[in-house]
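K.L.:
Mind having a look at this structure? Questions to follow.
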Amino acid sequence: MFGVAFGTVVQRIFPVPRLMKMSDLQRILSNNKAAEELLESLKQELKVVKNEQVQRKIVKLQAENEALRKEVDSCLKKLVQLEVANGKVQIPVPTPDEVRAGGPALVKIEPVQQTPVATQSPQESAPVKTQQTKESKPPKEKKPKKEPKPAGEAKQAAAPAVEEPPIDVGRLDMRVGRIVEVSRHPDANSLYVEKIDCGEPSGPRTVISGLVNFIPIEEMQNRMVVALCNLKPAKMRGILSEAMVMCASTPDKVEILAPPEGSVPGDLVHVEGYPRVPDSVMNPKKKIFETVAPDLKTNEQLVACYKDGTFVVPGKGQVKAQTLKNVQVK
């Protein structure tokens, strides 16, 4: 009774309009429903966007995997060529299909059957033994002593000679470098003295180049180049030069070969079709560079070539000149 009376008093003091209360409730319910529909729509759109991103990522990874597979196949082919050139016997490797099928058929080796030896009693074997002891044994033949081989011949037989790779562009150690410092040679007006970073732990190499009359010094600083790194170091006007900058050249114009965009110091320069097997330092008496040099040229597309093989940095692109076509590279 008290609760009913109290509620009546409250209603009299704070009257609530019934029509306004129902209108507000309907509006709230309507807004809530619209919000739920909007939220569901946003969820669907987010799901579609995620699926599109996943598909793009999958396509990108597939393309990268295909590029890596081709590079691995190319390296494997070159490795096989080197092994064959050095006399290594190639053992066939089962394909993935053969592995899934249980591998290639193996040759079954049958065990050799041994003929059983008849056993004899001690009484039967004793006379034979006595007879053998009484018979005279034939004299042993003396084998002639082998004459010792000279020490030089023994060493030659123990260490067979390794076949030398053919003399071609694969014997040149060409790498991408960056000129980090350049100055005029103090004793020669036509020479630059450069410090070139070739990505080696020992630091930049000192290189002497006769480019003063062709390229301004401000265009030399921080320039990316291709450096021939396994020439025998030689002094030029009192300063030791440890490499050579590769250029496209005519009597009137010289252009430094440009590595592909994205190259960094230390990247190796390959020539397509010629396995890269550089000497640590080329022997001047073998005239390796002199033999290769006549076939180093740029082609109609400005790409540096050796015969029909183009200079490339694997995975990054070709090495090119700026404007000089069909000219000597040196």
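Residue numbers start at 1 in each chain; chains themselves are named A, B, ... in the order of the structure tokens; ligands are numbered from 1 in the order shown.
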Residues near Lys195 in chain A, anyone? I mean within 9 Å using only C-alpha atoms, not counting same-chain ones fewer than 3 positions away, as a list in words.

P.N.:
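With the cut-off at 9 Å, the set is Arg178, Ile179, Val180, Glu181, Val182, Pro204, Arg205, Thr206 and Val207 of chain A.
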
K.L.:
Keeping only all heavy atoms, write those residues as a PDB file, in the first residue's frame.

P.N.:
ATOM      1  N   ARG A 178      81.439   2.187 -56.162  1.00  0.00           N
ATOM      2  CA  ARG A 178      81.039   3.598 -56.049  1.00  0.00           C
ATOM      3  C   ARG A 178      82.290   4.439 -55.789  1.00  0.00           C
ATOM      4  O   ARG A 178      83.099   4.116 -54.903  1.00  0.00           O
ATOM      5  CB  ARG A 178      80.045   3.791 -54.904  1.00  0.00           C
ATOM      6  CG  ARG A 178      79.553   5.255 -54.774  1.00  0.00           C
ATOM      7  CD  ARG A 178      78.844   5.482 -53.436  1.00  0.00           C
ATOM      8  NE  ARG A 178      77.677   4.637 -53.325  1.00  0.00           N
ATOM      9  CZ  ARG A 178      76.477   4.942 -53.821  1.00  0.00           C
ATOM     10  NH1 ARG A 178      76.311   6.076 -54.473  1.00  0.00           N
ATOM     11  NH2 ARG A 178      75.466   4.119 -53.659  1.00  0.00           N
ATOM     12  N   ILE A 179      82.463   5.525 -56.560  1.00  0.00           N
ATOM     13  CA  ILE A 179      83.592   6.427 -56.348  1.00  0.00           C
ATOM     14  C   ILE A 179      83.284   7.285 -55.119  1.00  0.00           C
ATOM     15  O   ILE A 179      82.378   8.124 -55.152  1.00  0.00           O
ATOM     16  CB  ILE A 179      83.833   7.309 -57.586  1.00  0.00           C
ATOM     17  CG1 ILE A 179      84.138   6.444 -58.816  1.00  0.00           C
ATOM     18  CG2 ILE A 179      84.978   8.292 -57.332  1.00  0.00           C
ATOM     19  CD1 ILE A 179      84.282   7.233 -60.108  1.00  0.00           C
ATOM     20  N   VAL A 180      84.015   7.070 -54.040  1.00  0.00           N
ATOM     21  CA  VAL A 180      83.762   7.811 -52.803  1.00  0.00           C
ATOM     22  C   VAL A 180      84.705   9.004 -52.640  1.00  0.00           C
ATOM     23  O   VAL A 180      84.479   9.869 -51.786  1.00  0.00           O
ATOM     24  CB  VAL A 180      83.875   6.874 -51.579  1.00  0.00           C
ATOM     25  CG1 VAL A 180      82.797   5.806 -51.637  1.00  0.00           C
ATOM     26  CG2 VAL A 180      85.250   6.212 -51.500  1.00  0.00           C
ATOM     27  N   GLU A 181      85.755   9.046 -53.455  1.00  0.00           N
ATOM     28  CA  GLU A 181      86.706  10.155 -53.371  1.00  0.00           C
ATOM     29  C   GLU A 181      87.455  10.240 -54.694  1.00  0.00           C
ATOM     30  O   GLU A 181      87.801   9.215 -55.294  1.00  0.00           O
ATOM     31  CB  GLU A 181      87.692   9.918 -52.219  1.00  0.00           C
ATOM     32  CG  GLU A 181      88.680  11.037 -51.988  1.00  0.00           C
ATOM     33  CD  GLU A 181      89.643  10.705 -50.843  1.00  0.00           C
ATOM     34  OE1 GLU A 181      89.220   9.993 -49.900  1.00  0.00           O
ATOM     35  OE2 GLU A 181      90.800  11.149 -50.916  1.00  0.00           O
ATOM     36  N   VAL A 182      87.684  11.466 -55.180  1.00  0.00           N
ATOM     37  CA  VAL A 182      88.391  11.633 -56.450  1.00  0.00           C
ATOM     38  C   VAL A 182      89.202  12.924 -56.393  1.00  0.00           C
ATOM     39  O   VAL A 182      88.782  13.927 -55.814  1.00  0.00           O
ATOM     40  CB  VAL A 182      87.400  11.654 -57.643  1.00  0.00           C
ATOM     41  CG1 VAL A 182      86.403  12.788 -57.514  1.00  0.00           C
ATOM     42  CG2 VAL A 182      88.144  11.744 -58.962  1.00  0.00           C
ATOM     43  N   PRO A 204      87.968   0.770 -49.558  1.00  0.00           N
ATOM     44  CA  PRO A 204      88.002   1.185 -50.963  1.00  0.00           C
ATOM     45  C   PRO A 204      89.346   0.879 -51.621  1.00  0.00           C
ATOM     46  O   PRO A 204      90.389   0.853 -50.977  1.00  0.00           O
ATOM     47  CB  PRO A 204      87.761   2.706 -50.884  1.00  0.00           C
ATOM     48  CG  PRO A 204      87.129   2.940 -49.558  1.00  0.00           C
ATOM     49  CD  PRO A 204      87.688   1.897 -48.644  1.00  0.00           C
ATOM     50  N   ARG A 205      89.306   0.646 -52.951  1.00  0.00           N
ATOM     51  CA  ARG A 205      90.512   0.439 -53.753  1.00  0.00           C
ATOM     52  C   ARG A 205      90.968   1.778 -54.354  1.00  0.00           C
ATOM     53  O   ARG A 205      90.142   2.628 -54.700  1.00  0.00           O
ATOM     54  CB  ARG A 205      90.245  -0.541 -54.897  1.00  0.00           C
ATOM     55  CG  ARG A 205      89.981  -1.973 -54.459  1.00  0.00           C
ATOM     56  CD  ARG A 205      89.638  -2.826 -55.658  1.00  0.00           C
ATOM     57  NE  ARG A 205      89.452  -4.229 -55.268  1.00  0.00           N
ATOM     58  CZ  ARG A 205      90.166  -5.244 -55.759  1.00  0.00           C
ATOM     59  NH1 ARG A 205      91.100  -5.020 -56.667  1.00  0.00           N
ATOM     60  NH2 ARG A 205      89.934  -6.473 -55.368  1.00  0.00           N
ATOM     61  N   THR A 206      92.287   1.924 -54.498  1.00  0.00           N
ATOM     62  CA  THR A 206      92.842   3.079 -55.207  1.00  0.00           C
ATOM     63  C   THR A 206      92.927   2.745 -56.690  1.00  0.00           C
ATOM     64  O   THR A 206      93.477   1.713 -57.073  1.00  0.00           O
ATOM     65  CB  THR A 206      94.239   3.428 -54.664  1.00  0.00           C
ATOM     66  OG1 THR A 206      94.141   3.728 -53.270  1.00  0.00           O
ATOM     67  CG2 THR A 206      94.804   4.634 -55.392  1.00  0.00           C
ATOM     68  N   VAL A 207      92.354   3.630 -57.528  1.00  0.00           N
ATOM     69  CA  VAL A 207      92.301   3.378 -58.971  1.00  0.00           C
ATOM     70  C   VAL A 207      92.755   4.647 -59.700  1.00  0.00           C
ATOM     71  O   VAL A 207      92.319   5.753 -59.367  1.00  0.00           O
ATOM     72  CB  VAL A 207      90.876   2.999 -59.420  1.00  0.00           C
ATOM     73  CG1 VAL A 207      90.843   2.730 -60.922  1.00  0.00           C
ATOM     74  CG2 VAL A 207      90.387   1.771 -58.653  1.00  0.00           C
TER      75      VAL A 207
END

K.L.:
Write out as a ChimeraX atom specification each polymer residue whose atoms come within 9 Å of range 304-319 of chain A, counting only C-alpha atoms; drop sequence neighbours fewer than 4 positions from it.

P.N.:
/A:67-68,71,168-169,175-176,226,248,257-263,267-274,292-299,329

K.L.:
Name all residues at most 12 Å from range 82-85 of chain A (count only C-alpha atoms; drop same-chain ones fewer than 2 positions away) and give them as an MDAnalysis selection string.

P.N.:
chainID A and resid 75:80 87:91 162:166 170 274:277

K.L.:
Using only C-alpha atoms, which of the listed residues (A:Val264, A:Leu191, A:Leu39, A:Leu240) sits closest to Arg223 in chain A?

P.N.:
A:Val264

K.L.:
Which polymer residues have any atom within 8 Å of an atom of Lys232 in chain A, counting only C-alpha atoms, with same-chain residues fewer than 6 positions away left out, as a count of residues only?

P.N.:
5

K.L.:
What does the distance between CA of Ala321 in chain A and CA of Thr250 in chain A come to in Å, to one decimal place?

P.N.:
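We find that CA of Ala321 in chain A and CA of Thr250 in chain A lie 12.2 Å from each other.
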
K.L.:
Assign secondary structure with DSSP using the backbone only, and return the residues of range 230-311 of chain A in alpha helix (DSSP H) as a list in words.

P.N.:
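Of range 230-311 of chain A, the ones in alpha helix (DSSP H) are Ile288, Phe289, Glu290, Thr291 and Val292 of chain A.
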